[in-house]
Amino acid sequence: MASTPAPAVPTLAPPLEQLQHLAGELRLLLPGVRVGEAQETTKEFNPETFWRRLNEAAVKVSREATTLTEVFSRLPLPPPSSQETQRLCEQVHTAIKAIIAIYYLLPKDQGITLRKLVRSATLDIVDGMAQLVEVLYITPTQSPENSDLISCNNVWVACQQVPQIPRDNKAAALLMLTKSVDLVKDAHEEMERAVEECDPYHGLLNDVENNSDSHGNEQDDVLGCPNNQDSYWSEEDQELIIPCLALVRASKACLKKIRMAVAENGNKDQVAQLDDIVDISDEISPSVDDLALSIYPPMCYLTVRINAAKLVSVLKKALEITKASHVTPQPEHSWISLLINAIDHCMNRIKELTQNELELFIRYPS
């Protein structure tokens with residue numbers, strides 16, 4: 001009787017093909033992390049255990065990234081065998097899935113803002129590892145480009161950031177509010193700089209105009225700016241910019257006062273209210289950007305008016321939510337009323353200066 005043939009041993013793919021496959025697998029994990037929900041469990045959440053495990057998992061990922069890089073960048077030694085590559089790829093994949101699994105253990109009742117920060121850190125780690133693997137199989141190991149790409153890779157940076165993640169929702173809220181304050185501050189400073197220099201495009205157009213017409217007419221100079229409606233502000237434009245700038249200053253003041261109220265009175269256990277404050281505050285910076293962009297020439301006064309009104313709506317809603325929350329123990333605080341009055345004053349002035357254009361639009365909508 002013939003003996004049964006031994007089962008064929010599966011042939012392993014070449015090392016670079018295994019790396020390519022690993023990069024694809026890591027990329028496939030990203031959508032699940034972006035939309036994944038917290039894991040349901042009956043166990044009581046232990047913050048100390050969670051953060052310890054998350055830190056340890058980040059260290060493990062960083063270590064696996066270093067090992068993989070050293071093996072595939074060692075010169076002049078040959079690349080690793082298919083068996084060694086399989087082992088390395090499995091270790092990387094296991095480390096990445098482990099840190100994702102730990103992220104899923106953070107329950108929603110710890111705060112949505114906090115979960116978003118942990119999710120963002122996890123995504124950065126997974127994406128960074130996928131980028132590293134792609135560099136290792138796409139770029140020849142002996143090229144200087146390979147060394148540069150590896151040294152600039154952010155998987156190690158992302159892992160090092162994990163211990164810096166806030167440990168509760170109040171700290172997470174303060175971090176996000178600080179980021180919003182900084183974004184609005186930057187937008188306001190850029191607007192002011194452009195107005196002070198009377199140069200909305202920071203000199204980008206000067207060289208072109210100087211070359212095309214080195215003998216400009218002096219009467220084309222309006223308030224220190226050449227009278228080019230498509231490139232510079234008219235007197236009327238500059239008059240409208242004044243309340244727009246004031247509205248952006250009020251936006252910065254709102255965020256600073258909200259952040260101060262959270263810092264002084266915020267309770268980390270009031271996660272829902274803190275999340276609501278952060279959510280609405282996150283809308284302020286994009287609204288400021290929309291207004292800032294609309295003041296660049298050629299200005300459309302109706303667009304400026306619409307964007308200003310949107311910003312005012314967001315600011316008032318942010319103040320209302322803050323006023324109704326636990327971070328404002330005395331809702332009659334004068335700072336809220338003062339800010340609302342300042343916001344209304346700016347908007348009323350913007351309406352006055354854009355009223356003619358609105359009436360023309362209503363009369364001749366085409």
# chains A, B, ... in the order shown; residues from 1 in each chain; ligands from 1
>>> residues_around(residues="Ala13 in chain A", least_positions_apart="6", cutoff="10 Å", atoms="only C-alpha atoms", output="list in words")
Leu19, His21, Ser82, Gln83, Thr85 and Gln86 of chain A
>>> write_last_selection(atoms="N, CA and C atoms", output="PDB file, in the first residue's frame")
ATOM      1  N   LEU A  19       6.833  42.447   3.283  1.00  0.00           N
ATOM      2  CA  LEU A  19       6.710  43.812   3.806  1.00  0.00           C
ATOM      3  C   LEU A  19       5.558  44.549   3.127  1.00  0.00           C
ATOM      4  N   HIS A  21       2.906  43.252   1.841  1.00  0.00           N
ATOM      5  CA  HIS A  21       1.659  42.688   2.363  1.00  0.00           C
ATOM      6  C   HIS A  21       1.367  43.224   3.760  1.00  0.00           C
ATOM      7  N   SER A  82      13.325  34.719   4.311  1.00  0.00           N
ATOM      8  CA  SER A  82      11.862  34.780   4.294  1.00  0.00           C
ATOM      9  C   SER A  82      11.289  34.377   5.642  1.00  0.00           C
ATOM     10  N   GLN A  83      11.920  33.382   6.290  1.00  0.00           N
ATOM     11  CA  GLN A  83      11.433  32.945   7.597  1.00  0.00           C
ATOM     12  C   GLN A  83      11.608  34.046   8.649  1.00  0.00           C
ATOM     13  N   THR A  85      11.843  37.237   8.065  1.00  0.00           N
ATOM     14  CA  THR A  85      10.930  38.328   7.710  1.00  0.00           C
ATOM     15  C   THR A  85       9.512  38.020   8.187  1.00  0.00           C
ATOM     16  N   GLN A  86       9.090  36.773   8.026  1.00  0.00           N
ATOM     17  CA  GLN A  86       7.750  36.389   8.493  1.00  0.00           C
ATOM     18  C   GLN A  86       7.624  36.614   9.992  1.00  0.00           C
TER      19      GLN A  86
END
>>> residues_around(residues="Ile343 in chain A", least_positions_apart="3", cutoff="12 Å", atoms="only C-alpha atoms", output="ChimeraX atom specification")
/A:243-254,308-316,319,336-340,346-350
>>> write_last_selection(atoms="N, CA and C atoms", output="CSV table (one decimal), in the first residue's frame")
chain,number,residue,atom,x,y,z
A,243,PRO,N,-14.4,96.3,11.8
A,243,PRO,CA,-15.2,95.4,12.7
A,243,PRO,C,-15.0,93.9,12.5
A,244,CYS,N,-14.5,93.5,11.4
A,244,CYS,CA,-14.2,92.1,11.2
A,244,CYS,C,-13.0,91.7,12.1
A,245,LEU,N,-12.0,92.5,12.2
A,245,LEU,CA,-10.9,92.3,13.1
A,245,LEU,C,-11.4,92.3,14.5
A,246,ALA,N,-12.2,93.2,14.8
A,246,ALA,CA,-12.7,93.3,16.2
A,246,ALA,C,-13.5,92.0,16.6
A,247,LEU,N,-14.2,91.5,15.6
A,247,LEU,CA,-15.0,90.2,15.8
A,247,LEU,C,-14.1,89.1,16.0
A,248,VAL,N,-12.9,89.0,15.3
A,248,VAL,CA,-12.0,88.0,15.5
A,248,VAL,C,-11.3,88.1,16.9
A,249,ARG,N,-11.1,89.4,17.3
A,249,ARG,CA,-10.5,89.6,18.7
A,249,ARG,C,-11.5,89.1,19.7
A,250,ALA,N,-12.8,89.3,19.5
A,250,ALA,CA,-13.8,88.9,20.4
A,250,ALA,C,-13.9,87.3,20.5
A,251,SER,N,-13.6,86.7,19.3
A,251,SER,CA,-13.6,85.3,19.3
A,251,SER,C,-12.5,84.7,20.1
A,252,LYS,N,-11.3,85.3,20.0
A,252,LYS,CA,-10.1,84.9,20.8
A,252,LYS,C,-10.5,85.1,22.3
A,253,ALA,N,-11.1,86.2,22.6
A,253,ALA,CA,-11.4,86.5,24.0
A,253,ALA,C,-12.4,85.5,24.6
A,254,CYS,N,-13.4,85.1,23.7
A,254,CYS,CA,-14.4,84.1,24.1
A,254,CYS,C,-13.7,82.8,24.5
A,308,ALA,N,-19.5,86.5,8.7
A,308,ALA,CA,-19.5,87.1,10.1
A,308,ALA,C,-20.7,86.6,10.9
A,309,ALA,N,-21.8,86.5,10.2
A,309,ALA,CA,-23.0,86.1,10.9
A,309,ALA,C,-22.9,84.6,11.4
A,310,LYS,N,-22.2,83.8,10.6
A,310,LYS,CA,-22.0,82.4,11.0
A,310,LYS,C,-21.1,82.4,12.2
A,311,LEU,N,-20.1,83.2,12.2
A,311,LEU,CA,-19.2,83.2,13.3
A,311,LEU,C,-19.9,83.7,14.6
A,312,VAL,N,-20.7,84.7,14.4
A,312,VAL,CA,-21.5,85.3,15.6
A,312,VAL,C,-22.4,84.2,16.2
A,313,SER,N,-23.0,83.4,15.3
A,313,SER,CA,-23.9,82.4,15.7
A,313,SER,C,-23.1,81.3,16.5
A,314,VAL,N,-22.0,80.9,16.1
A,314,VAL,CA,-21.1,79.9,16.8
A,314,VAL,C,-20.7,80.5,18.1
A,315,LEU,N,-20.3,81.7,18.2
A,315,LEU,CA,-19.8,82.3,19.4
A,315,LEU,C,-20.9,82.4,20.5
A,316,LYS,N,-22.0,82.8,20.0
A,316,LYS,CA,-23.1,82.9,21.0
A,316,LYS,C,-23.6,81.6,21.5
A,319,LEU,N,-21.0,80.5,24.1
A,319,LEU,CA,-21.2,81.2,25.4
A,319,LEU,C,-22.5,80.7,26.1
A,336,ILE,N,-19.7,87.2,30.3
A,336,ILE,CA,-20.5,86.6,29.3
A,336,ILE,C,-21.3,87.7,28.6
A,337,SER,N,-21.9,88.6,29.4
A,337,SER,CA,-22.7,89.7,28.9
A,337,SER,C,-21.8,90.7,28.1
A,338,LEU,N,-20.7,91.0,28.6
A,338,LEU,CA,-19.8,91.9,27.9
A,338,LEU,C,-19.4,91.3,26.6
A,339,LEU,N,-19.1,90.1,26.5
A,339,LEU,CA,-18.7,89.5,25.2
A,339,LEU,C,-19.8,89.5,24.2
A,340,ILE,N,-21.0,89.1,24.7
A,340,ILE,CA,-22.2,89.2,23.8
A,340,ILE,C,-22.4,90.6,23.3
A,346,CYS,N,-20.0,94.5,16.9
A,346,CYS,CA,-19.2,94.2,15.7
A,346,CYS,C,-20.1,93.8,14.5
A,347,MET,N,-21.1,92.9,14.8
A,347,MET,CA,-22.0,92.5,13.8
A,347,MET,C,-22.9,93.6,13.3
A,348,ASN,N,-23.4,94.4,14.2
A,348,ASN,CA,-24.2,95.6,13.7
A,348,ASN,C,-23.4,96.5,12.8
A,349,ARG,N,-22.2,96.7,13.1
A,349,ARG,CA,-21.3,97.6,12.3
A,349,ARG,C,-21.1,96.9,10.9
A,350,ILE,N,-20.9,95.6,10.9
A,350,ILE,CA,-20.7,94.9,9.6
A,350,ILE,C,-22.0,95.0,8.8
>>> select_by_dssp(residues="range 39-174 of chain A", states="alpha helix (DSSP H)", output="PyMOL selection string")
chain A and resi 47-73+82-104+112-138+144-152+155-161+169-174
>>> closest_residue(among="A:Glu70, A:Asp168, A:Glu17, A:Glu64", to="Leu274 in chain A", atoms="only C-alpha atoms")
A:Asp168
